[in-house]
Amino acid sequence: MSLRVIAGKARGHKLKTVASKGTRPITDRVKENLFNILGADVADSTWWDLFGGTGAVGIEALSRGATFVRYSEMSKAAIEVIRENLLHCKMEADAEIRRGDAFTFLDSTPDRNFDYIYIAPPQYKEMWLRALLAVDKNPGWLSAESWVVVQIHPREFRGHEEIELKNLVKFDERKYGSTLLVFYERKMK
């Protein structure tokens, strides 16, 4: 699979992929649709890519004007690919990579808040649901008008359409072949 930056200051840069079955990079089609939905709101935003993978989503956000991306990732190989992709696109100064368990990070005291939290974990392990519930439980990670975006296979979402959440509410979902994007926003108090 070939990955590239679709738009912005790093447009056209090719990205390396991770040689691992645990990493499933976002396709250009899904990434383009995601960023079309987000539109101009990406400019000056902050992101946390919980399961960093190749770094493609965060790099696309930085390319389109985001100011900061945090990656969390367990895999040493994936971290190396994220680092190489950031350097290749000259975006390393605007990103932070933390090696470790995303759930441990989510359970800790927030050190900043994010406009977007992107959840695209390994498939079929309900890790997306666990991460979504952890974000909902610890809303200090969220800015006032933040979104949480979940990328999963549509089959993973069956039976979870109406998740009981305290701080987030689902407002949209979009299916692109074997990829489903589910959008949550912070509830207004």
# chains A, B, ... in the order shown; residues from 1 in each chain; ligands from 1
>>> residues_around(residues="stretch 168-183 of chain A", least_positions_apart="4", cutoff="7 Å", atoms="only C-alpha atoms", output="list in words")
Val30, Asp136, Trp147, Val148, Val149, Val150, Gln151, Ile152, His153, Pro154 and Lys187 of chain A
>>> closest_residue(among="A:Trp47, A:Ala19, A:Lys90, A:Asn36", to="A:Lys76", atoms="only C-alpha atoms")
A:Ala19
>>> closest_residue(among="A:Glu92, A:Pro121, A:Pro139, A:Phe103", to="A:Ile26", atoms="only C-alpha atoms")
A:Pro121
>>> residues_around(residues="A:Leu133", least_positions_apart="6", cutoff="10 Å", atoms="only C-alpha atoms", output="CSV table (one decimal) with N, CA and C atoms, in the first residue's frame")
chain,number,residue,atom,x,y,z
A,106,LEU,N,-4.1,7.4,28.7
A,106,LEU,CA,-5.5,7.9,28.9
A,106,LEU,C,-5.9,8.0,30.3
A,127,MET,N,-10.5,-2.7,21.2
A,127,MET,CA,-9.7,-1.6,21.7
A,127,MET,C,-10.2,-0.2,21.5
A,163,ILE,N,-23.8,3.6,22.6
A,163,ILE,CA,-22.9,3.5,23.8
A,163,ILE,C,-23.3,4.5,24.8
A,164,GLU,N,-23.4,4.2,26.0
A,164,GLU,CA,-23.7,5.2,27.1
A,164,GLU,C,-22.4,5.9,27.4
A,165,LEU,N,-22.4,7.2,27.1
A,165,LEU,CA,-21.3,8.1,27.4
A,165,LEU,C,-21.7,9.3,28.2
A,166,LYS,N,-20.8,9.8,29.1
A,166,LYS,CA,-21.2,10.9,29.9
A,166,LYS,C,-20.7,12.2,29.3
A,167,ASN,N,-19.6,12.2,28.7
A,167,ASN,CA,-19.0,13.5,28.2
A,167,ASN,C,-18.9,13.6,26.7
A,168,LEU,N,-19.2,12.5,26.0
A,168,LEU,CA,-19.2,12.5,24.5
A,168,LEU,C,-20.6,12.1,24.0
>>> select_by_dssp(residues="stretch 68-161 of chain A", states="helix (DSSP H, G or I)", output="number ranges by chain")
A: 76-88, 92-94, 102-107, 127-137, 139-141, 154-157
>>> select_by_dssp(residues="stretch 53-164 of chain A", states="strand (DSSP E)", output="PyMOL selection string")
chain A and resi 68-73+95-99+114-119+142-152
>>> write_last_selection(atoms="N, CA and C atoms", output="JSON list (two decimals), in the first residue's frame")
[["chain", "number", "residue", "atom", "x", "y", "z"],
["A", 68, "PHE", "N", 0.03, 20.98, 16.51],
["A", 68, "PHE", "CA", 0.71, 19.98, 17.34],
["A", 68, "PHE", "C", 0.00, 18.64, 17.20],
["A", 69, "VAL", "N", 0.81, 17.57, 17.14],
["A", 69, "VAL", "CA", 0.29, 16.20, 17.15],
["A", 69, "VAL", "C", 1.09, 15.39, 18.15],
["A", 70, "ARG", "N", 0.38, 14.69, 19.02],
["A", 70, "ARG", "CA", 1.01, 13.71, 19.92],
["A", 70, "ARG", "C", 0.66, 12.33, 19.37],
["A", 71, "TYR", "N", 1.66, 11.48, 19.30],
["A", 71, "TYR", "CA", 1.45, 10.08, 18.93],
["A", 71, "TYR", "C", 1.73, 9.22, 20.14],
["A", 72, "SER", "N", 0.89, 8.23, 20.37],
["A", 72, "SER", "CA", 1.21, 7.18, 21.33],
["A", 72, "SER", "C", 1.22, 5.87, 20.56],
["A", 73, "GLU", "N", 2.20, 5.05, 20.85],
["A", 73, "GLU", "CA", 2.39, 3.82, 20.09],
["A", 73, "GLU", "C", 3.23, 2.85, 20.91],
["A", 95, "ALA", "N", 5.58, 17.72, 16.58],
["A", 95, "ALA", "CA", 5.02, 16.44, 17.01],
["A", 95, "ALA", "C", 5.80, 15.87, 18.20],
["A", 96, "GLU", "N", 5.11, 15.02, 18.92],
["A", 96, "GLU", "CA", 5.70, 14.33, 20.07],
["A", 96, "GLU", "C", 5.30, 12.86, 19.95],
["A", 97, "ILE", "N", 6.26, 11.98, 20.14],
["A", 97, "ILE", "CA", 5.98, 10.54, 20.09],
["A", 97, "ILE", "C", 6.23, 9.97, 21.47],
["A", 98, "ARG", "N", 5.21, 9.30, 22.01],
["A", 98, "ARG", "CA", 5.35, 8.65, 23.32],
["A", 98, "ARG", "C", 5.20, 7.15, 23.14],
["A", 99, "ARG", "N", 6.23, 6.43, 23.53],
["A", 99, "ARG", "CA", 6.14, 4.98, 23.45],
["A", 99, "ARG", "C", 5.50, 4.47, 24.73],
["A", 114, "PHE", "N", -6.78, 18.35, 23.79],
["A", 114, "PHE", "CA", -6.67, 18.20, 22.35],
["A", 114, "PHE", "C", -8.00, 18.54, 21.68],
["A", 115, "ASP", "N", -7.90, 19.08, 20.48],
["A", 115, "ASP", "CA", -9.09, 19.37, 19.68],
["A", 115, "ASP", "C", -9.61, 18.11, 18.99],
["A", 116, "TYR", "N", -8.68, 17.21, 18.64],
["A", 116, "TYR", "CA", -9.05, 15.96, 17.98],
["A", 116, "TYR", "C", -8.27, 14.81, 18.63],
["A", 117, "ILE", "N", -8.99, 13.76, 18.98],
["A", 117, "ILE", "CA", -8.35, 12.51, 19.39],
["A", 117, "ILE", "C", -8.76, 11.47, 18.37],
["A", 118, "TYR", "N", -7.75, 10.85, 17.74],
["A", 118, "TYR", "CA", -7.99, 9.89, 16.67],
["A", 118, "TYR", "C", -7.71, 8.49, 17.19],
["A", 119, "ILE", "N", -8.70, 7.62, 17.08],
["A", 119, "ILE", "CA", -8.61, 6.26, 17.60],
["A", 119, "ILE", "C", -8.70, 5.27, 16.44],
["A", 142, "LEU", "N", -9.76, 16.66, 26.61],
["A", 142, "LEU", "CA", -10.53, 17.27, 25.53],
["A", 142, "LEU", "C", -10.63, 18.79, 25.68],
["A", 143, "SER", "N", -10.48, 19.49, 24.57],
["A", 143, "SER", "CA", -10.74, 20.93, 24.58],
["A", 143, "SER", "C", -12.26, 21.12, 24.57],
["A", 144, "ALA", "N", -12.70, 22.36, 24.69],
["A", 144, "ALA", "CA", -14.13, 22.65, 24.82],
["A", 144, "ALA", "C", -14.96, 22.14, 23.64],
["A", 145, "GLU", "N", -14.44, 22.22, 22.43],
["A", 145, "GLU", "CA", -15.21, 21.81, 21.25],
["A", 145, "GLU", "C", -14.52, 20.67, 20.50],
["A", 146, "SER", "N", -13.98, 19.75, 21.25],
["A", 146, "SER", "CA", -13.19, 18.69, 20.61],
["A", 146, "SER", "C", -14.06, 17.59, 20.00],
["A", 147, "TRP", "N", -13.42, 16.88, 19.09],
["A", 147, "TRP", "CA", -14.01, 15.70, 18.46],
["A", 147, "TRP", "C", -13.11, 14.51, 18.74],
["A", 148, "VAL", "N", -13.76, 13.35, 18.87],
["A", 148, "VAL", "CA", -13.06, 12.07, 18.92],
["A", 148, "VAL", "C", -13.51, 11.32, 17.67],
["A", 149, "VAL", "N", -12.55, 10.85, 16.88],
["A", 149, "VAL", "CA", -12.85, 10.14, 15.64],
["A", 149, "VAL", "C", -12.33, 8.71, 15.79],
["A", 150, "VAL", "N", -13.22, 7.77, 15.55],
["A", 150, "VAL", "CA", -12.88, 6.35, 15.64],
["A", 150, "VAL", "C", -12.85, 5.76, 14.24],
["A", 151, "GLN", "N", -11.77, 5.07, 13.89],
["A", 151, "GLN", "CA", -11.64, 4.38, 12.61],
["A", 151, "GLN", "C", -11.63, 2.88, 12.87],
["A", 152, "ILE", "N", -12.67, 2.20, 12.42],
["A", 152, "ILE", "CA", -12.79, 0.76, 12.63],
["A", 152, "ILE", "C", -13.42, 0.10, 11.41]]
>>> residues_around(residues="A:Arg4", least_positions_apart="2", cutoff="8 Å", atoms="only C-alpha atoms", output="list in words")
Ser2, Ile6, Arg11, Gly12, His13, Lys14, Leu15, Asp28 and Ala56 of chain A
>>> atom_distance(atom1="atom CA of A:Ala78", atom2="atom CA of A:Asp44")
26.0 Å
>>> atom_distance(atom1="atom CA of A:Asn138", atom2="atom CA of A:Asp107")
6.9 Å
>>> closest_residue(among="A:His88, A:Lys16, A:Arg29, A:Arg186", to="A:Thr54", atoms="only C-alpha atoms")
A:Lys16
>>> closest_residue(among="A:Leu38, A:Leu129, A:Ala134, A:Ala102", to="A:Ala66", atoms="only C-alpha atoms")
A:Leu38
>>> closest_residue(among="A:Glu32, A:Asn113, A:Ala10, A:Arg155", to="A:Ser45", atoms="only C-alpha atoms")
A:Asn113
>>> closest_residue(among="A:Lys9, A:Arg24, A:Lys125, A:Arg83", to="A:Glu60", atoms="only C-alpha atoms")
A:Lys9
